[in-house]
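Heads up, upload.csv below (CSV, C-alpha atoms and all ligand atoms):
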```csv
chain,number,residue,atom,x,y,z
A,17,MET,CA,43.3,146.6,178.7
A,18,ASN,CA,39.7,145.5,179.1
A,19,LYS,CA,37.9,145.4,182.3
A,20,LYS,CA,38.0,141.7,182.7
A,21,ASN,CA,38.8,140.4,186.1
A,22,LEU,CA,42.6,139.8,185.9
A,23,GLU,CA,42.4,136.8,188.3
A,24,LYS,CA,40.3,135.0,185.7
A,25,SER,CA,42.2,136.1,182.6
A,26,ARG,CA,44.4,133.7,180.8
A,27,THR,CA,47.8,135.1,180.0
A,28,VAL,CA,50.8,134.0,178.0
A,29,LEU,CA,54.3,135.3,178.3
A,30,ALA,CA,55.4,136.1,174.7
A,31,VAL,CA,59.1,136.5,174.0
A,32,ASP,CA,60.5,137.8,170.8
A,33,ILE,CA,64.3,137.2,170.6
A,34,GLY,CA,65.8,139.5,168.0
A,35,GLY,CA,69.4,139.9,166.9
A,36,THR,CA,69.6,143.2,168.6
A,37,ASN,CA,66.7,143.5,171.1
A,38,ILE,CA,64.6,141.1,173.0
A,39,LYS,CA,60.9,142.0,173.5
A,40,THR,CA,58.7,140.4,176.0
A,41,ALA,CA,55.0,140.9,176.7
A,42,LEU,CA,52.3,139.5,178.9
A,43,ILE,CA,49.3,139.0,176.7
A,44,ASP,CA,45.8,137.9,177.5
A,45,SER,CA,43.5,135.7,175.4
A,46,ASP,CA,41.8,138.8,174.0
A,47,TYR,CA,45.3,139.9,172.8
A,48,ASN,CA,45.5,142.8,175.2
A,49,ILE,CA,49.1,143.5,176.1
A,50,ILE,CA,49.2,143.8,179.9
A,51,ASP,CA,52.9,144.5,180.3
A,52,GLU,CA,55.7,144.7,177.8
A,53,ARG,CA,59.5,145.2,178.0
A,54,LYS,CA,62.3,145.6,175.6
A,55,SER,CA,66.0,145.3,176.3
A,56,LYS,CA,69.3,144.4,174.5
A,57,THR,CA,69.5,140.8,173.6
A,58,PRO,CA,72.0,139.2,176.0
A,59,THR,CA,75.3,138.3,174.3
A,60,THR,CA,75.6,134.7,175.7
A,61,TYR,CA,73.1,131.9,175.5
A,62,GLU,CA,73.3,131.3,179.3
A,63,GLU,CA,72.4,135.0,180.0
A,64,LEU,CA,69.6,134.8,177.5
A,65,ILE,CA,68.1,131.7,179.3
A,66,SER,CA,68.5,133.5,182.7
A,67,TYR,CA,66.8,136.6,181.4
A,68,ILE,CA,63.8,134.8,180.0
A,69,SER,CA,63.6,132.7,183.2
A,70,SER,CA,63.6,135.8,185.3
A,71,LEU,CA,60.2,136.8,183.8
A,72,TYR,CA,58.5,133.7,185.1
A,73,ASN,CA,55.6,134.2,187.4
A,74,SER,CA,52.9,131.8,188.6
A,75,ASP,CA,50.1,133.6,186.8
A,76,ILE,CA,51.2,132.8,183.3
A,77,GLU,CA,49.6,129.9,181.6
A,78,ALA,CA,52.3,129.3,178.9
A,79,LEU,CA,55.5,130.6,177.4
A,80,SER,CA,55.6,131.3,173.7
A,81,VAL,CA,59.0,132.2,172.1
A,82,ALA,CA,59.8,133.7,168.7
A,83,ILE,CA,63.3,132.9,167.5
A,84,PRO,CA,65.2,134.5,164.6
A,85,GLY,CA,65.9,131.2,162.9
A,86,GLY,CA,64.7,127.8,161.8
A,87,TYR,CA,63.4,125.4,164.5
A,88,ASN,CA,63.3,121.7,164.4
A,89,TYR,CA,60.3,120.5,166.4
A,90,ASN,CA,61.5,116.9,166.8
A,91,LYS,CA,65.0,117.6,167.8
A,92,ASN,CA,64.2,121.0,169.4
A,93,ILE,CA,67.2,122.6,167.8
A,94,ILE,CA,67.8,125.9,166.1
A,95,PHE,CA,69.7,127.3,163.2
A,96,ALA,CA,69.9,131.1,163.4
A,97,PRO,CA,72.3,132.6,160.9
A,98,ASN,CA,71.8,136.1,162.3
A,99,LEU,CA,72.0,135.1,166.0
A,100,THR,CA,74.6,132.3,166.1
A,101,THR,CA,74.6,132.0,169.9
A,102,LEU,CA,71.3,130.1,169.4
A,103,ASN,CA,72.7,127.6,166.9
A,104,SER,CA,72.3,123.9,167.8
A,105,LYS,CA,70.9,124.8,171.2
A,106,ASN,CA,68.0,122.9,172.8
A,107,ILE,CA,66.2,126.0,174.1
A,108,LEU,CA,63.1,124.0,175.0
A,109,ASN,CA,65.0,121.8,177.4
A,110,ASP,CA,66.9,124.7,178.8
A,111,LEU,CA,63.8,126.6,179.6
A,112,LYS,CA,61.6,123.7,180.8
A,113,GLY,CA,63.2,123.3,184.2
A,114,ARG,CA,62.7,127.0,184.9
A,115,PHE,CA,59.1,127.3,183.9
A,116,LYS,CA,57.6,124.5,186.0
A,117,ASP,CA,55.1,122.4,184.0
A,118,ILE,CA,53.6,125.1,181.8
A,119,PRO,CA,53.5,124.6,178.0
A,120,ILE,CA,56.4,126.1,176.1
A,121,LEU,CA,56.2,126.9,172.4
A,122,ILE,CA,59.1,127.8,170.2
A,123,GLU,CA,58.6,129.0,166.7
A,124,ASN,CA,60.4,131.0,163.9
A,125,ASP,CA,59.7,134.7,164.3
A,126,ALA,CA,58.6,135.4,160.8
A,127,ASN,CA,56.3,132.4,160.8
A,128,LEU,CA,54.7,133.9,163.9
A,129,ALA,CA,54.5,137.3,162.3
A,130,ALA,CA,52.5,135.7,159.5
A,131,LEU,CA,50.3,133.9,162.0
A,132,GLY,CA,49.7,137.1,164.0
A,133,GLU,CA,48.9,139.1,160.9
A,134,TYR,CA,46.5,136.5,159.7
A,135,HIS,CA,44.5,136.0,162.9
A,136,TYR,CA,44.9,139.4,164.6
A,137,ILE,CA,44.6,141.7,161.6
A,138,GLU,CA,42.9,139.7,158.9
A,139,LYS,CA,40.6,138.0,161.4
A,140,ALA,CA,41.1,134.8,159.3
A,141,GLU,CA,38.7,136.1,156.7
A,142,ILE,CA,41.0,135.1,153.8
A,143,ASN,CA,42.3,131.6,153.2
A,144,ASN,CA,45.8,132.0,151.9
A,145,MET,CA,48.4,134.6,152.9
A,146,ILE,CA,52.1,135.1,152.7
A,147,LEU,CA,54.0,137.5,154.9
A,148,LEU,CA,57.6,138.5,154.1
A,149,THR,CA,59.7,140.2,156.8
A,150,LEU,CA,62.3,142.6,155.4
A,151,GLY,CA,64.7,143.6,158.2
A,152,THR,CA,68.1,142.5,159.5
A,153,GLY,CA,67.3,139.3,157.6
A,154,VAL,CA,64.6,138.2,155.2
A,155,GLY,CA,62.1,135.7,156.5
A,156,GLY,CA,58.4,134.9,156.1
A,157,GLY,CA,55.6,132.5,156.7
A,158,VAL,CA,52.8,131.1,154.6
A,159,ILE,CA,49.2,130.5,155.7
A,160,ILE,CA,47.5,127.8,153.6
A,161,ASN,CA,43.8,127.2,154.0
A,162,GLY,CA,43.9,129.1,157.3
A,163,ASN,CA,46.8,127.2,158.8
A,164,LEU,CA,50.4,128.2,159.2
A,165,HIS,CA,52.4,125.8,157.0
A,166,LYS,CA,54.8,123.6,159.0
A,167,SER,CA,56.9,120.6,158.4
A,168,HIS,CA,59.3,118.7,160.8
A,169,THR,CA,60.7,122.2,161.2
A,170,SER,CA,59.5,125.7,160.8
A,171,THR,CA,59.2,126.5,157.1
A,172,PHE,CA,59.5,129.2,154.5
A,173,GLU,CA,63.1,130.4,154.6
A,174,ILE,CA,62.3,132.6,151.7
A,175,GLY,CA,65.5,134.7,152.3
A,176,HIS,CA,67.4,131.7,151.2
A,177,ILE,CA,66.1,131.2,147.7
A,178,ILE,CA,68.6,132.3,145.0
A,179,SER,CA,68.3,135.8,143.6
A,180,VAL,CA,71.6,136.1,141.8
A,181,ASP,CA,73.7,133.1,140.6
A,182,ASN,CA,77.1,133.1,142.3
A,183,GLY,CA,76.1,136.3,144.1
A,184,ARG,CA,76.9,137.7,147.5
A,185,LYS,CA,77.8,135.1,150.2
A,186,CYS,CA,75.0,134.4,152.6
A,187,GLY,CA,75.1,133.4,156.3
A,188,CYS,CA,73.4,130.1,155.4
A,189,GLY,CA,76.5,129.1,153.3
A,190,ARG,CA,75.1,129.7,149.8
A,191,TYR,CA,75.9,132.4,147.4
A,192,GLY,CA,73.3,134.8,146.0
A,193,CYS,CA,70.4,134.3,148.4
A,194,LEU,CA,67.6,136.8,148.4
A,195,ASP,CA,68.5,137.7,152.0
A,196,GLU,CA,71.7,139.3,150.7
A,197,TYR,CA,69.8,141.5,148.3
A,198,ALA,CA,66.7,142.4,150.3
A,199,ASN,CA,67.8,142.8,153.9
A,200,SER,CA,68.6,146.2,155.4
A,201,SER,CA,72.4,145.9,154.9
A,202,ALA,CA,71.9,144.9,151.3
A,203,LEU,CA,70.6,148.4,150.5
A,204,THR,CA,73.8,149.9,151.9
A,205,LEU,CA,75.9,147.4,150.1
A,206,THR,CA,74.2,148.1,146.8
A,207,TYR,CA,74.5,151.9,147.3
A,208,ASP,CA,78.2,151.5,148.0
A,209,GLU,CA,78.8,149.3,145.0
A,210,LEU,CA,77.0,151.8,142.7
A,211,SER,CA,78.8,154.8,144.1
A,212,ASN,CA,82.1,153.0,144.7
A,213,THR,CA,82.2,154.3,148.3
A,214,GLN,CA,82.0,152.9,151.8
A,215,SER,CA,79.2,155.1,152.9
A,216,ASN,CA,77.7,153.0,155.7
A,217,LEU,CA,74.4,154.9,155.0
A,218,SER,CA,71.3,153.6,156.8
A,219,PRO,CA,68.3,152.5,154.7
A,220,ILE,CA,66.4,155.5,156.1
A,221,LYS,CA,69.2,157.9,155.0
A,222,ILE,CA,69.3,156.3,151.5
A,223,GLY,CA,65.5,157.0,151.4
A,224,GLU,CA,66.1,160.6,152.3
A,225,LEU,CA,68.7,160.9,149.5
A,226,VAL,CA,66.0,159.7,147.1
A,227,ASP,CA,63.8,162.5,148.3
A,228,GLU,CA,66.7,164.9,147.6
A,229,GLY,CA,67.0,163.6,144.0
A,230,ASP,CA,70.1,161.5,144.4
A,231,THR,CA,70.2,159.2,141.3
A,232,VAL,CA,72.4,156.5,143.0
A,233,ALA,CA,69.9,156.2,145.9
A,234,LYS,CA,67.1,155.9,143.3
A,235,GLU,CA,68.9,153.2,141.5
A,236,THR,CA,69.6,151.4,144.8
A,237,PHE,CA,65.9,151.1,145.5
A,238,SER,CA,65.2,150.3,141.8
A,239,ILE,CA,67.5,147.3,142.1
A,240,TYR,CA,65.9,146.4,145.4
A,241,SER,CA,62.4,146.4,143.7
A,242,LYS,CA,63.7,144.0,141.1
A,243,HIS,CA,65.0,141.4,143.6
A,244,LEU,CA,61.9,141.6,145.7
A,245,ALA,CA,59.5,141.5,142.7
A,246,LYS,CA,61.3,138.4,141.3
A,247,ALA,CA,60.8,136.6,144.6
A,248,ILE,CA,57.2,137.7,145.1
A,249,THR,CA,56.3,136.7,141.5
A,250,ASP,CA,57.7,133.3,142.1
A,251,LEU,CA,55.7,133.0,145.3
A,252,ILE,CA,52.5,134.1,143.7
A,253,ASN,CA,53.1,131.7,140.8
A,254,ILE,CA,53.4,128.8,143.4
A,255,PHE,CA,50.8,129.7,146.0
A,256,VAL,CA,48.4,132.3,144.4
A,257,PRO,CA,47.6,133.7,147.9
A,258,ASP,CA,44.9,136.3,148.5
A,259,LYS,CA,47.5,138.6,150.0
A,260,VAL,CA,51.3,139.0,150.1
A,261,LYS,CA,52.2,141.3,153.0
A,262,LEU,CA,55.5,143.0,153.7
A,263,GLY,CA,56.6,143.4,157.3
A,264,GLY,CA,59.9,144.1,159.1
A,265,GLY,CA,61.7,147.4,159.4
A,266,LEU,CA,62.2,148.0,155.6
A,267,SER,CA,58.4,147.8,155.1
A,268,GLU,CA,58.3,151.3,156.6
A,269,LEU,CA,60.3,152.5,153.6
A,270,SER,CA,57.9,150.9,151.1
A,271,LYS,CA,57.1,154.2,149.4
A,272,TYR,CA,60.6,154.0,147.8
A,273,TYR,CA,60.1,150.5,146.2
A,274,LEU,CA,56.6,149.1,146.5
A,275,ASP,CA,55.0,150.7,143.4
A,276,ASP,CA,57.9,149.6,141.2
A,277,THR,CA,57.8,146.1,142.8
A,278,ILE,CA,54.1,145.7,142.0
A,279,LYS,CA,54.6,146.9,138.4
A,280,ILE,CA,57.2,144.3,137.8
A,281,ILE,CA,55.0,141.6,139.4
A,282,ASN,CA,52.1,142.5,137.2
A,283,ASN,CA,54.2,142.4,134.1
A,284,ASP,CA,55.9,139.1,134.9
A,285,ILE,CA,53.3,137.0,136.7
A,286,PHE,CA,51.7,133.9,135.2
A,287,PRO,CA,48.9,135.5,133.1
A,288,LEU,CA,46.1,133.5,134.7
A,289,TYR,CA,47.1,134.7,138.2
A,290,LYS,CA,47.1,138.4,137.4
A,291,ASP,CA,45.1,140.6,139.8
A,292,LEU,CA,44.3,137.7,142.2
A,293,THR,CA,46.8,138.7,144.8
A,294,THR,CA,47.1,142.0,146.7
A,295,VAL,CA,50.6,143.0,147.7
A,296,GLU,CA,50.7,145.4,150.6
A,297,VAL,CA,52.5,146.5,153.8
A,298,ALA,CA,51.6,144.5,156.9
A,299,SER,CA,49.7,146.1,159.8
A,300,LEU,CA,51.5,144.5,162.7
A,301,LYS,CA,54.6,146.5,163.1
A,302,ASN,CA,57.2,145.9,165.9
A,303,LYS,CA,54.7,143.9,167.9
A,304,ALA,CA,54.4,141.2,165.2
A,305,GLY,CA,56.6,138.8,167.1
A,306,VAL,CA,54.9,138.9,170.5
A,307,ILE,CA,51.4,139.1,169.1
A,308,GLY,CA,52.2,136.1,166.8
A,309,ALA,CA,53.6,134.2,169.7
A,310,ALA,CA,50.4,134.8,171.7
A,311,VAL,CA,48.3,133.7,168.7
A,312,ASN,CA,50.4,130.6,168.4
A,313,TYR,CA,49.4,129.6,171.9
A,314,PHE,CA,45.8,130.7,172.0
A,315,LYS,CA,44.9,129.4,168.5
A,316,GLY,CA,46.8,126.2,169.1
A,317,ASN,CA,48.2,126.3,165.7
A,401,ZN,ZN,71.1,132.0,152.4
```
If you took the structure in this file and wrote it as structure tokens, what would it be?
Amino acid sequence: MNKKNLEKSRTVLAVDIGGTNIKTALIDSDYNIIDERKSKTPTTYEELISYISSLYNSDIEALSVAIPGGYNYNKNIIFAPNLTTLNSKNILNDLKGRFKDIPILIENDANLAALGEYHYIEKAEINNMILLTLGTGVGGGVIINGNLHKSHTSTFEIGHIISVDNGRKCGCGRYGCLDEYANSSALTLTYDELSNTQSNLSPIKIGELVDEGDTVAKETFSIYSKHLAKAITDLINIFVPDKVKLGGGLSELSKYYLDDTIKIINNDIFPLYKDLTTVEVASLKNKAGVIGAAVNYFKGN
């Protein structure tokens, strides 16, 4: 951290609630992480609220929370297909009493990852950027003319556009959503379908099999590229952003699918938009949620 007098520094408590882990960080206005913690996400909603509340201290200026789901700003309710204990809960009200009068911000985690990547990594030097998070679920956020696009709710549930008509059943209730073809369990499912097995192989292991020359593993990533390229091509055709970035755990396996994805995009894109958008791996890794939460407060977006 810098040598600033701590008594004078402004700090936000950033909380990133994930399906498996909850990460928290005390972050100052220069985005130095003063203290960070990671633990298993509590299994009940009440325990989750108690855990977050236990981190309160009088030095923090605000609480900024990243949630793995959509958030309605007017009704303060959540829909989280991958962490259903949060569904329909008014987390803002439930935290308010425990955090005195400090501001509390709630936002979708992938929207925050986009905001963090844009301000913290890109330093806001480009105008339009899309970030996709490829992990347990598929999410994202879009920066338009320097601002995170919002509506009455958080936006950009890109995981829930249709990739395959009448395809795999999705947690949102629809069939064939991109999420079911581009999240981490989708790779395993595709591998198993192609090999007619129940392998339960992790994505990392499937990548290792590619390195060993396994043709089924190669085909698994080839199919993955096609689904991803289709979605990104559609996004570029709509937004023509300066950059499309890929974050989330699966972005760390990009060497197995990114080149093919870019080839398909270049082939399929609306001709006028060719070469206007860079598609690359995001720089903020597992800190995207907490950094994005801090940016959300300090930038007042
Ligand atoms: Zn869906």
> Once you count all atoms listed in the file, which residues end up within 7 Å of ligand ZN 401 (chain A), and could you hand them over as a PyMOL selection string?
Replying inline: chain A and resi 175-177+186-191+193+195
>> Show me the residues around (62.5, 133.2, 183.3) - criterion: an atom at most 10 Å away, all atoms listed in the file counted - as JSON, numbers by chain.
In response: {"A": [29, 64, 65, 66, 67, 68, 69, 70, 71, 72, 73, 79, 111, 112, 113, 114, 115]}
>> Counting all atoms listed in the file, which residues sit no farther than 7 Å from the position (61.3, 144.4, 158.5) in the file's frame? I'd like them as a list in words.
In response: Thr149, Leu150, Gly151, Gly263, Gly264, Gly265, Leu266 and Ser267 of chain A
> Which one is closest to Ala298 of chain A: A:Ile222, A:Ala130, A:Leu205, A:Ala233? Count all atoms listed in the file.
Replying inline: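 Distance minimum relative to Ala298 of chain A lands on A:Ala130.
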> Which residue out of A:Leu147, A:Val28, A:Val180, A:Leu274 has the minimum interatomic distance to Ile118 of chain A when all atoms listed in the file are used?
Replying inline: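 Looking at the shortest contact to Ile118 of chain A, the residue is A:Val28.
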>> If I take atom CA of Val295 of chain A and atom CA of Val260 of chain A, how far is one from the other in Å, to one decimal?
In response: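 Distance reported for this atom pair: 4.7 Å.
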If you take only C-alpha atoms and a cut-off of 12 Å, which residues of segment 120-207 of chain A touch segment 83-101 of chain A, and what are their nearest atom pairs and distances in Å to one decimal, in chain and number order, as CSV?
```
residue,atom,partner,partner_atom,distance
A:Ile120,CA,A:Asn92,CA,11.5
A:Leu121,CA,A:Tyr89,CA,9.7
A:Ile122,CA,A:Ile83,CA,7.1
A:Glu123,CA,A:Ile83,CA,6.2
A:Asn124,CA,A:Ile83,CA,5.0
A:Asp125,CA,A:Ile83,CA,5.1
A:Ala126,CA,A:Pro84,CA,7.7
A:Asn127,CA,A:Gly86,CA,9.6
A:Leu128,CA,A:Ile83,CA,9.4
A:Ala129,CA,A:Ile83,CA,11.1
A:Thr149,CA,A:Pro84,CA,11.1
A:Gly151,CA,A:Asn98,CA,11.1
A:Thr152,CA,A:Asn98,CA,7.9
A:Gly153,CA,A:Asn98,CA,7.3
A:Val154,CA,A:Pro84,CA,10.1
A:Gly155,CA,A:Gly85,CA,8.7
A:Gly156,CA,A:Gly85,CA,10.8
A:Gly157,CA,A:Gly86,CA,11.4
A:Lys166,CA,A:Tyr89,CA,9.7
A:Ser167,CA,A:Tyr89,CA,8.7
A:His168,CA,A:Tyr89,CA,6.0
A:Thr169,CA,A:Asn88,CA,4.2
A:Ser170,CA,A:Tyr87,CA,5.4
A:Thr171,CA,A:Gly86,CA,7.4
A:Phe172,CA,A:Gly86,CA,9.1
A:Glu173,CA,A:Gly86,CA,7.8
A:Ile174,CA,A:Gly86,CA,11.4
A:Gly175,CA,A:Pro97,CA,11.2
A:His176,CA,A:Pro97,CA,10.9
A:Cys186,CA,A:Pro97,CA,8.9
A:Gly187,CA,A:Pro97,CA,5.4
A:Cys188,CA,A:Pro97,CA,6.1
A:Gly189,CA,A:Pro97,CA,9.4
A:Arg190,CA,A:Pro97,CA,11.8
A:Asp195,CA,A:Asn98,CA,10.9
A:Asn199,CA,A:Asn98,CA,11.5
```
Residues as selected, C-alpha atoms, written as a CSV table (one decimal), in the frame of the given file, can you do that?
```csv
chain,number,residue,atom,x,y,z
A,120,ILE,CA,56.4,126.1,176.1
A,121,LEU,CA,56.2,126.9,172.4
A,122,ILE,CA,59.1,127.8,170.2
A,123,GLU,CA,58.6,129.0,166.7
A,124,ASN,CA,60.4,131.0,163.9
A,125,ASP,CA,59.7,134.7,164.3
A,126,ALA,CA,58.6,135.4,160.8
A,127,ASN,CA,56.3,132.4,160.8
A,128,LEU,CA,54.7,133.9,163.9
A,129,ALA,CA,54.5,137.3,162.3
A,149,THR,CA,59.7,140.2,156.8
A,151,GLY,CA,64.7,143.6,158.2
A,152,THR,CA,68.1,142.5,159.5
A,153,GLY,CA,67.3,139.3,157.6
A,154,VAL,CA,64.6,138.2,155.2
A,155,GLY,CA,62.1,135.7,156.5
A,156,GLY,CA,58.4,134.9,156.1
A,157,GLY,CA,55.6,132.5,156.7
A,166,LYS,CA,54.8,123.6,159.0
A,167,SER,CA,56.9,120.6,158.4
A,168,HIS,CA,59.3,118.7,160.8
A,169,THR,CA,60.7,122.2,161.2
A,170,SER,CA,59.5,125.7,160.8
A,171,THR,CA,59.2,126.5,157.1
A,172,PHE,CA,59.5,129.2,154.5
A,173,GLU,CA,63.1,130.4,154.6
A,174,ILE,CA,62.3,132.6,151.7
A,175,GLY,CA,65.5,134.7,152.3
A,176,HIS,CA,67.4,131.7,151.2
A,186,CYS,CA,75.0,134.4,152.6
A,187,GLY,CA,75.1,133.4,156.3
A,188,CYS,CA,73.4,130.1,155.4
A,189,GLY,CA,76.5,129.1,153.3
A,190,ARG,CA,75.1,129.7,149.8
A,195,ASP,CA,68.5,137.7,152.0
A,199,ASN,CA,67.8,142.8,153.9
```
>> Restricting the calculation to all atoms listed in the file: of A:Gly305, A:Tyr313, A:Asp250, A:Thr293, which residue gets closest to Ile76 of chain A?
In response: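 Going through A:Gly305, A:Tyr313, A:Asp250, A:Thr293 one by one, the smallest distance to Ile76 of chain A is for A:Tyr313.
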Could you pull the residues within 10 Å of Lys259 of chain A, counting all atoms listed in the file, minus those fewer than 5 positions along the same chain, as a PDB file with C-alpha atoms, keeping the file's coordinate frame?
```pdb
ATOM      1  CA  TYR A 134      46.500 136.500 159.700  1.00  0.00           C
ATOM      2  CA  ILE A 142      41.000 135.100 153.800  1.00  0.00           C
ATOM      3  CA  ASN A 143      42.300 131.600 153.200  1.00  0.00           C
ATOM      4  CA  ASN A 144      45.800 132.000 151.900  1.00  0.00           C
ATOM      5  CA  MET A 145      48.400 134.600 152.900  1.00  0.00           C
ATOM      6  CA  ILE A 146      52.100 135.100 152.700  1.00  0.00           C
ATOM      7  CA  LEU A 147      54.000 137.500 154.900  1.00  0.00           C
ATOM      8  CA  ILE A 252      52.500 134.100 143.700  1.00  0.00           C
ATOM      9  CA  LEU A 292      44.300 137.700 142.200  1.00  0.00           C
ATOM     10  CA  THR A 293      46.800 138.700 144.800  1.00  0.00           C
ATOM     11  CA  THR A 294      47.100 142.000 146.700  1.00  0.00           C
ATOM     12  CA  VAL A 295      50.600 143.000 147.700  1.00  0.00           C
ATOM     13  CA  GLU A 296      50.700 145.400 150.600  1.00  0.00           C
ATOM     14  CA  ALA A 298      51.600 144.500 156.900  1.00  0.00           C
TER      15      ALA A 298
END
```
> With distances taken over only C-alpha atoms, which of A:Asp276, A:Asp258, A:Asp181, A:Asp110 is nearest to Glu63 of chain A?
Replying inline: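 Distance minimum relative to Glu63 of chain A lands on A:Asp110.
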